[in-house]
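Have a look at protein.cif below; it lists mmCIF, C-alpha atoms.
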data_data
#
loop_
_atom_site.group_PDB
_atom_site.id
_atom_site.type_symbol
_atom_site.label_atom_id
_atom_site.label_comp_id
_atom_site.auth_asym_id
_atom_site.auth_seq_id
_atom_site.Cartn_x
_atom_site.Cartn_y
_atom_site.Cartn_z
ATOM 1 C CA MET A 1 72.996 -106.211 -81.164
ATOM 2 C CA ALA A 2 72.246 -109.674 -82.558
ATOM 3 C CA GLU A 3 75.543 -109.587 -84.474
ATOM 4 C CA GLU A 4 77.473 -108.850 -81.266
ATOM 5 C CA GLN A 5 75.867 -111.792 -79.469
ATOM 6 C CA ALA A 6 76.567 -114.092 -82.404
ATOM 7 C CA GLN A 7 80.243 -113.067 -82.390
ATOM 8 C CA ALA A 8 80.688 -113.411 -78.611
ATOM 9 C CA GLN A 9 81.954 -116.986 -78.611
ATOM 10 C CA PRO A 10 83.069 -118.367 -75.242
ATOM 11 C CA GLN A 11 86.847 -118.529 -74.902
ATOM 12 C CA LEU A 12 88.805 -120.663 -72.456
ATOM 13 C CA ALA A 13 92.584 -120.806 -72.669
ATOM 14 C CA LEU A 14 95.630 -121.456 -70.525
ATOM 15 C CA GLU A 15 97.803 -118.396 -71.081
ATOM 16 C CA ARG A 16 100.648 -119.098 -68.660
ATOM 17 C CA ILE A 17 101.735 -121.916 -66.396
ATOM 18 C CA TYR A 18 104.359 -121.510 -63.710
ATOM 19 C CA VAL A 19 105.635 -122.755 -60.375
ATOM 20 C CA LYS A 20 104.643 -120.202 -57.756
ATOM 21 C CA ASP A 21 106.435 -122.008 -54.913
ATOM 22 C CA MET A 22 108.005 -125.384 -54.208
ATOM 23 C CA SER A 23 109.857 -126.894 -51.310
ATOM 24 C CA LEU A 24 111.327 -130.102 -49.977
ATOM 25 C CA GLU A 25 112.139 -130.482 -46.318
ATOM 26 C CA VAL A 26 114.089 -133.450 -44.934
ATOM 27 C CA PRO A 27 113.967 -133.065 -41.137
ATOM 28 C CA GLY A 28 116.655 -135.642 -40.324
ATOM 29 C CA ALA A 29 119.270 -137.757 -42.058
ATOM 30 C CA SER A 30 118.556 -140.831 -39.919
ATOM 31 C CA VAL A 31 115.668 -141.632 -42.276
ATOM 32 C CA PHE A 32 118.268 -142.737 -44.846
ATOM 33 C CA THR A 33 119.649 -145.439 -42.527
ATOM 34 C CA LYS A 34 116.326 -147.243 -42.021
ATOM 35 C CA GLU A 35 114.349 -149.622 -44.186
ATOM 36 C CA TRP A 36 112.126 -147.592 -46.518
ATOM 37 C CA ASN A 37 108.466 -148.327 -45.816
ATOM 38 C CA PRO A 38 106.764 -144.917 -45.867
ATOM 39 C CA GLU A 39 103.287 -143.810 -44.895
ATOM 40 C CA LEU A 40 102.161 -140.984 -47.153
ATOM 41 C CA ASP A 41 99.760 -138.160 -46.377
ATOM 42 C CA ILE A 42 98.746 -136.323 -49.562
ATOM 43 C CA ASN A 43 96.730 -133.099 -49.538
ATOM 44 C CA LEU A 44 95.376 -131.185 -52.519
ATOM 45 C CA SER A 45 93.711 -127.807 -52.654
ATOM 46 C CA SER A 46 93.097 -125.122 -55.240
ATOM 47 C CA ASN A 47 92.431 -121.426 -55.109
ATOM 48 C CA ALA A 48 91.090 -119.088 -57.804
ATOM 49 C CA GLU A 49 91.829 -115.373 -57.906
ATOM 50 C CA LYS A 50 90.251 -113.023 -60.427
ATOM 51 C CA LEU A 51 92.985 -110.891 -62.004
ATOM 52 C CA ASP A 52 90.803 -108.798 -64.312
ATOM 53 C CA ASP A 53 87.532 -109.143 -66.241
ATOM 54 C CA ASP A 54 88.787 -112.096 -68.301
ATOM 55 C CA HIS A 55 91.735 -113.621 -66.407
ATOM 56 C CA TYR A 56 91.986 -115.856 -63.353
ATOM 57 C CA GLN A 57 95.026 -117.153 -61.530
ATOM 58 C CA ILE A 58 94.491 -120.713 -60.307
ATOM 59 C CA ILE A 59 96.902 -122.151 -57.750
ATOM 60 C CA LEU A 60 96.906 -125.896 -57.191
ATOM 61 C CA THR A 61 98.699 -126.833 -53.971
ATOM 62 C CA VAL A 62 99.969 -130.383 -53.576
ATOM 63 C CA SER A 63 101.538 -131.362 -50.237
ATOM 64 C CA VAL A 64 103.051 -134.762 -49.512
ATOM 65 C CA THR A 65 104.259 -135.756 -46.053
ATOM 66 C CA ALA A 66 106.112 -139.049 -45.762
ATOM 67 C CA LYS A 67 106.719 -140.791 -42.455
ATOM 68 C CA ASN A 68 109.034 -143.761 -42.139
ATOM 69 C CA ALA A 69 109.157 -145.745 -38.897
ATOM 70 C CA GLU A 70 107.045 -143.021 -37.205
ATOM 71 C CA GLU A 71 109.665 -140.410 -38.142
ATOM 72 C CA ALA A 72 109.116 -137.587 -40.648
ATOM 73 C CA ALA A 73 111.092 -138.515 -43.753
ATOM 74 C CA PHE A 74 110.197 -135.567 -45.982
ATOM 75 C CA ILE A 75 107.643 -132.886 -46.673
ATOM 76 C CA ALA A 76 107.281 -131.923 -50.325
ATOM 77 C CA GLU A 77 105.009 -129.118 -51.473
ATOM 78 C CA VAL A 78 104.356 -127.373 -54.754
ATOM 79 C CA HIS A 79 102.110 -124.449 -55.625
ATOM 80 C CA GLN A 80 101.509 -124.922 -59.352
ATOM 81 C CA ALA A 81 99.877 -121.875 -60.887
ATOM 82 C CA GLY A 82 98.265 -120.990 -64.161
ATOM 83 C CA ILE A 83 96.684 -117.938 -65.670
ATOM 84 C CA PHE A 84 93.513 -118.810 -67.530
ATOM 85 C CA LEU A 85 91.487 -116.692 -69.942
ATOM 86 C CA LEU A 86 87.739 -117.068 -69.414
ATOM 87 C CA LYS A 87 85.907 -114.778 -71.789
ATOM 88 C CA ASP A 88 82.165 -114.821 -72.472
ATOM 89 C CA ILE A 89 81.759 -117.997 -70.400
ATOM 90 C CA PRO A 90 78.230 -118.438 -68.992
ATOM 91 C CA GLU A 91 78.202 -117.547 -65.287
ATOM 92 C CA ASP A 92 76.793 -120.938 -64.287
ATOM 93 C CA GLN A 93 79.842 -122.703 -65.807
ATOM 94 C CA ILE A 94 82.602 -120.601 -64.226
ATOM 95 C CA GLY A 95 82.587 -122.433 -60.874
ATOM 96 C CA GLN A 96 83.051 -125.816 -62.542
ATOM 97 C CA ILE A 97 85.840 -124.488 -64.769
ATOM 98 C CA LEU A 98 87.735 -122.850 -61.891
ATOM 99 C CA GLY A 99 87.113 -125.658 -59.398
ATOM 100 C CA ALA A 100 87.631 -128.723 -61.595
ATOM 101 C CA TYR A 101 88.821 -128.051 -65.148
ATOM 102 C CA CYS A 102 91.710 -125.714 -64.282
ATOM 103 C CA PRO A 103 93.120 -127.860 -61.422
ATOM 104 C CA ASN A 104 92.869 -130.855 -63.763
ATOM 105 C CA VAL A 105 95.046 -129.027 -66.312
ATOM 106 C CA LEU A 106 97.605 -128.052 -63.636
ATOM 107 C CA PHE A 107 97.844 -131.420 -61.857
ATOM 108 C CA PRO A 108 100.219 -133.207 -64.280
ATOM 109 C CA TYR A 109 102.718 -130.365 -63.896
ATOM 110 C CA ALA A 110 102.485 -130.444 -60.095
ATOM 111 C CA ARG A 111 102.784 -134.243 -60.142
ATOM 112 C CA GLU A 112 106.004 -134.013 -62.171
ATOM 113 C CA ILE A 113 107.523 -131.430 -59.824
ATOM 114 C CA ILE A 114 106.698 -133.485 -56.718
ATOM 115 C CA SER A 115 108.309 -136.538 -58.322
ATOM 116 C CA ASP A 116 111.372 -134.512 -59.319
ATOM 117 C CA ILE A 117 112.031 -132.844 -55.963
ATOM 118 C CA VAL A 118 111.465 -136.083 -54.014
ATOM 119 C CA THR A 119 113.946 -137.889 -56.284
ATOM 120 C CA ARG A 120 116.459 -135.039 -55.948
ATOM 121 C CA GLY A 121 116.105 -135.439 -52.176
ATOM 122 C CA SER A 122 117.519 -138.963 -52.598
ATOM 123 C CA PHE A 123 114.220 -140.763 -52.049
ATOM 124 C CA PRO A 124 112.608 -143.347 -54.340
ATOM 125 C CA GLN A 125 110.493 -141.942 -57.157
ATOM 126 C CA LEU A 126 107.012 -140.873 -56.095
ATOM 127 C CA LEU A 127 104.284 -140.874 -58.728
ATOM 128 C CA LEU A 128 100.993 -139.479 -57.507
ATOM 129 C CA ALA A 129 97.867 -141.207 -58.753
ATOM 130 C CA PRO A 130 95.562 -139.270 -61.072
ATOM 131 C CA VAL A 131 92.859 -137.215 -59.368
ATOM 132 C CA ASN A 132 89.243 -136.831 -60.467
ATOM 133 C CA PHE A 133 88.786 -133.090 -59.897
ATOM 134 C CA ASP A 134 85.275 -133.190 -61.385
ATOM 135 C CA GLN A 135 84.174 -135.625 -58.682
ATOM 136 C CA ALA A 136 85.972 -133.652 -55.944
ATOM 137 C CA TYR A 137 84.276 -130.435 -57.125
ATOM 138 C CA ALA A 138 80.845 -132.115 -57.191
ATOM 139 C CA GLN A 139 81.391 -133.431 -53.657
ATOM 140 C CA SER A 140 82.445 -129.993 -52.401
ATOM 141 C CA GLN A 141 79.319 -128.458 -53.970
ATOM 142 C CA GLN A 142 77.098 -131.102 -52.323
ATOM 143 C CA GLN A 143 78.796 -130.495 -48.972
ATOM 144 C CA ALA A 144 78.305 -126.738 -49.345
ATOM 145 C CA GLN A 145 74.581 -127.322 -49.957
ATOM 146 C CA VAL A 146 74.317 -129.570 -46.895
ATOM 147 C CA ASP A 147 76.148 -126.969 -44.793
ATOM 148 C CA ALA A 148 73.899 -124.191 -46.119
ATOM 149 C CA GLN A 149 70.772 -126.196 -45.280
ATOM 150 C CA GLY A 150 72.115 -126.975 -41.812
ATOM 151 C CA ASN A 151 72.736 -123.268 -41.126
ATOM 152 C CA ALA A 152 69.334 -122.171 -42.448
#
In structure tokens, write the structure found in this file.
Amino acid sequence: MAEEQAQAQPQLALERIYVKDMSLEVPGASVFTKEWNPELDINLSSNAEKLDDDHYQIILTVSVTAKNAEEAAFIAEVHQAGIFLLKDIPEDQIGQILGAYCPNVLFPYAREIISDIVTRGSFPQLLLAPVNFDQAYAQSQQQAQVDAQGNA
């Protein structure tokens, strides 16, 4: 029994990364005839789905809506996915890994795709700023505690 526990080393690995979905919508061509001074609305979210005892699919969704002169210029969205192996990870660490570490690994790929599809749509290059997923996860956990206390 002691030998089994000694051999059960935690394992964390990215086994596959892929684009689950991506889209670019340009509602009207008149946006190309106006001076380019966009207002950007950027939304990020992630979702974890347990595939089996050791594998999780994480989907990081990045949506960017650009308005120019109060008119929708484009809507770009990517669902960047990864399959992660989490084996013999302590239960108290899984939430942090799924909610912060995995989205952090996926973000550079999603950022590149957003930049690529926006450029292919004939718009200036769009480079999203880095995101601190650890801080975002900590804030969501604090908010969940506040909500739980408010409902108690």
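Residues matched by the PyMOL selection byres ((chain A and resi 32) around 10) in this file: Gly28, Ala29, Ser30, Val31, Thr33, Lys34, Glu35, Trp36, Asn68, Ala73, Ser122 and Phe123 of chain A.
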(message) Which residues are close to A:Pro38, i.e. within 10 Å by only C-alpha atoms, leaving aside same-chain residues fewer than 5 positions away? Reply as a PyMOL selection string.
(response) chain A and resi 65-74
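Among the candidates A:Val26, A:Ala100, A:Ala148, A:Val118, the one nearest to A:Gln135 when counting only C-alpha atoms is A:Ala100.
Run against this file, the PyMOL selection byres ((chain A and resi 45-50) around 8) gives back Asn43, Leu44, Leu51, Asp52, Asp53, His55, Tyr56, Gln57, Ile58, Ile59, Leu60, Thr61, Val62, Leu98, Gly99 and Pro103 of chain A.
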(request) List the neighbours of A:Ala110 out to 8 Å using all atoms listed in the file; skip same-chain residues closer than 2 positions along the sequence, and give me the result as a ChimeraX atom specification. (result) /A:60,62,78-80,106-108,112-114
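Between A:Asp54 and the residues A:Gln11, A:Gln141, A:Gln96, A:Ser23, the shortest atom-to-atom distance, using all atoms listed in the file, involves A:Gln11.
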(message) Excluding A:Ala138 and its own-chain neighbours fewer than 2 positions away, which residues fall within 12 Å of it when counting all atoms listed in the file? Please give them as a ChimeraX atom specification.
(response) /A:95-97,99-101,132-136,140-145
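Using only C-alpha atoms, the smallest distance between any of A:Ile17, A:Ile83, A:Val131, A:Ala76 and A:Ile117 comes from A:Ala76.
Residue selection for this entry, given the PyMOL selection byres ((chain A and resi 13) around 7), comprises Gln11, Leu12, Leu14, Glu15, Phe84, Leu85 and Leu86 of chain A.
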Next, the residues of the selection above should be written as a PDB file, in the coordinates of the input with C-alpha atoms.
ATOM      1  CA  GLN A  11      86.847-118.529 -74.902  1.00  0.00           C
ATOM      2  CA  LEU A  12      88.805-120.663 -72.456  1.00  0.00           C
ATOM      3  CA  LEU A  14      95.630-121.456 -70.525  1.00  0.00           C
ATOM      4  CA  GLU A  15      97.803-118.396 -71.081  1.00  0.00           C
ATOM      5  CA  PHE A  84      93.513-118.810 -67.530  1.00  0.00           C
ATOM      6  CA  LEU A  85      91.487-116.692 -69.942  1.00  0.00           C
ATOM      7  CA  LEU A  86      87.739-117.068 -69.414  1.00  0.00           C
TER       8      LEU A  86
END
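Atom CA of A:Lys20 to atom CA of A:Pro124 spans 24.7 Å [interatomic distance, one decimal].
Using all atoms listed in the file, the smallest distance between any of A:Gly82, A:Gln93, A:Val146, A:Val64 and A:Tyr109 comes from A:Gly82.
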(request) Go ahead and compute the interatomic distance for atom CA of A:Lys87 and atom CA of A:Asp21, in Å to one decimal. (result) 27.5 Å
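The space between atom CA of A:Asp88 and atom CA of A:Pro10 spans 4.6 Å.
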Would you fill out stretch 92-104 of chain A with N, CA and C atoms and return it as an mmCIF file, in the frame of the given file?
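Full text of selection.cif as output:
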data_model
loop_
_atom_site.group_PDB
_atom_site.id
_atom_site.type_symbol
_atom_site.label_atom_id
_atom_site.label_comp_id
_atom_site.auth_asym_id
_atom_site.auth_seq_id
_atom_site.Cartn_x
_atom_site.Cartn_y
_atom_site.Cartn_z
ATOM 1 N N ASP A 92 77.051 -119.675 -64.973
ATOM 2 C CA ASP A 92 76.793 -120.938 -64.287
ATOM 3 C C ASP A 92 77.865 -122.004 -64.560
ATOM 4 N N GLN A 93 78.776 -121.751 -65.492
ATOM 5 C CA GLN A 93 79.842 -122.703 -65.807
ATOM 6 C C GLN A 93 81.188 -122.316 -65.191
ATOM 7 N N ILE A 94 81.311 -121.082 -64.717
ATOM 8 C CA ILE A 94 82.602 -120.601 -64.226
ATOM 9 C C ILE A 94 83.081 -121.384 -63.002
ATOM 10 N N GLY A 95 82.193 -121.685 -62.067
ATOM 11 C CA GLY A 95 82.587 -122.433 -60.874
ATOM 12 C C GLY A 95 83.185 -123.784 -61.215
ATOM 13 N N GLN A 96 82.559 -124.502 -62.117
ATOM 14 C CA GLN A 96 83.051 -125.816 -62.542
ATOM 15 C C GLN A 96 84.412 -125.692 -63.225
ATOM 16 N N ILE A 97 84.567 -124.684 -64.060
ATOM 17 C CA ILE A 97 85.840 -124.488 -64.769
ATOM 18 C C ILE A 97 86.957 -124.186 -63.778
ATOM 19 N N LEU A 98 86.706 -123.244 -62.852
ATOM 20 C CA LEU A 98 87.735 -122.850 -61.891
ATOM 21 C C LEU A 98 88.006 -123.940 -60.850
ATOM 22 N N GLY A 99 86.970 -124.676 -60.464
ATOM 23 C CA GLY A 99 87.113 -125.658 -59.398
ATOM 24 C C GLY A 99 87.505 -127.050 -59.840
ATOM 25 N N ALA A 100 87.327 -127.366 -61.129
ATOM 26 C CA ALA A 100 87.631 -128.723 -61.595
ATOM 27 C C ALA A 100 88.513 -128.723 -62.848
ATOM 28 N N TYR A 101 88.082 -128.007 -63.887
ATOM 29 C CA TYR A 101 88.821 -128.051 -65.148
ATOM 30 C C TYR A 101 90.251 -127.512 -64.988
ATOM 31 N N CYS A 102 90.382 -126.328 -64.410
ATOM 32 C CA CYS A 102 91.710 -125.714 -64.282
ATOM 33 C C CYS A 102 92.654 -126.539 -63.401
ATOM 34 N N PRO A 103 92.227 -126.994 -62.208
ATOM 35 C CA PRO A 103 93.120 -127.860 -61.422
ATOM 36 C C PRO A 103 93.496 -129.141 -62.167
ATOM 37 N N ASN A 104 92.586 -129.662 -62.978
ATOM 38 C CA ASN A 104 92.869 -130.855 -63.763
ATOM 39 C C ASN A 104 93.983 -130.592 -64.784
#
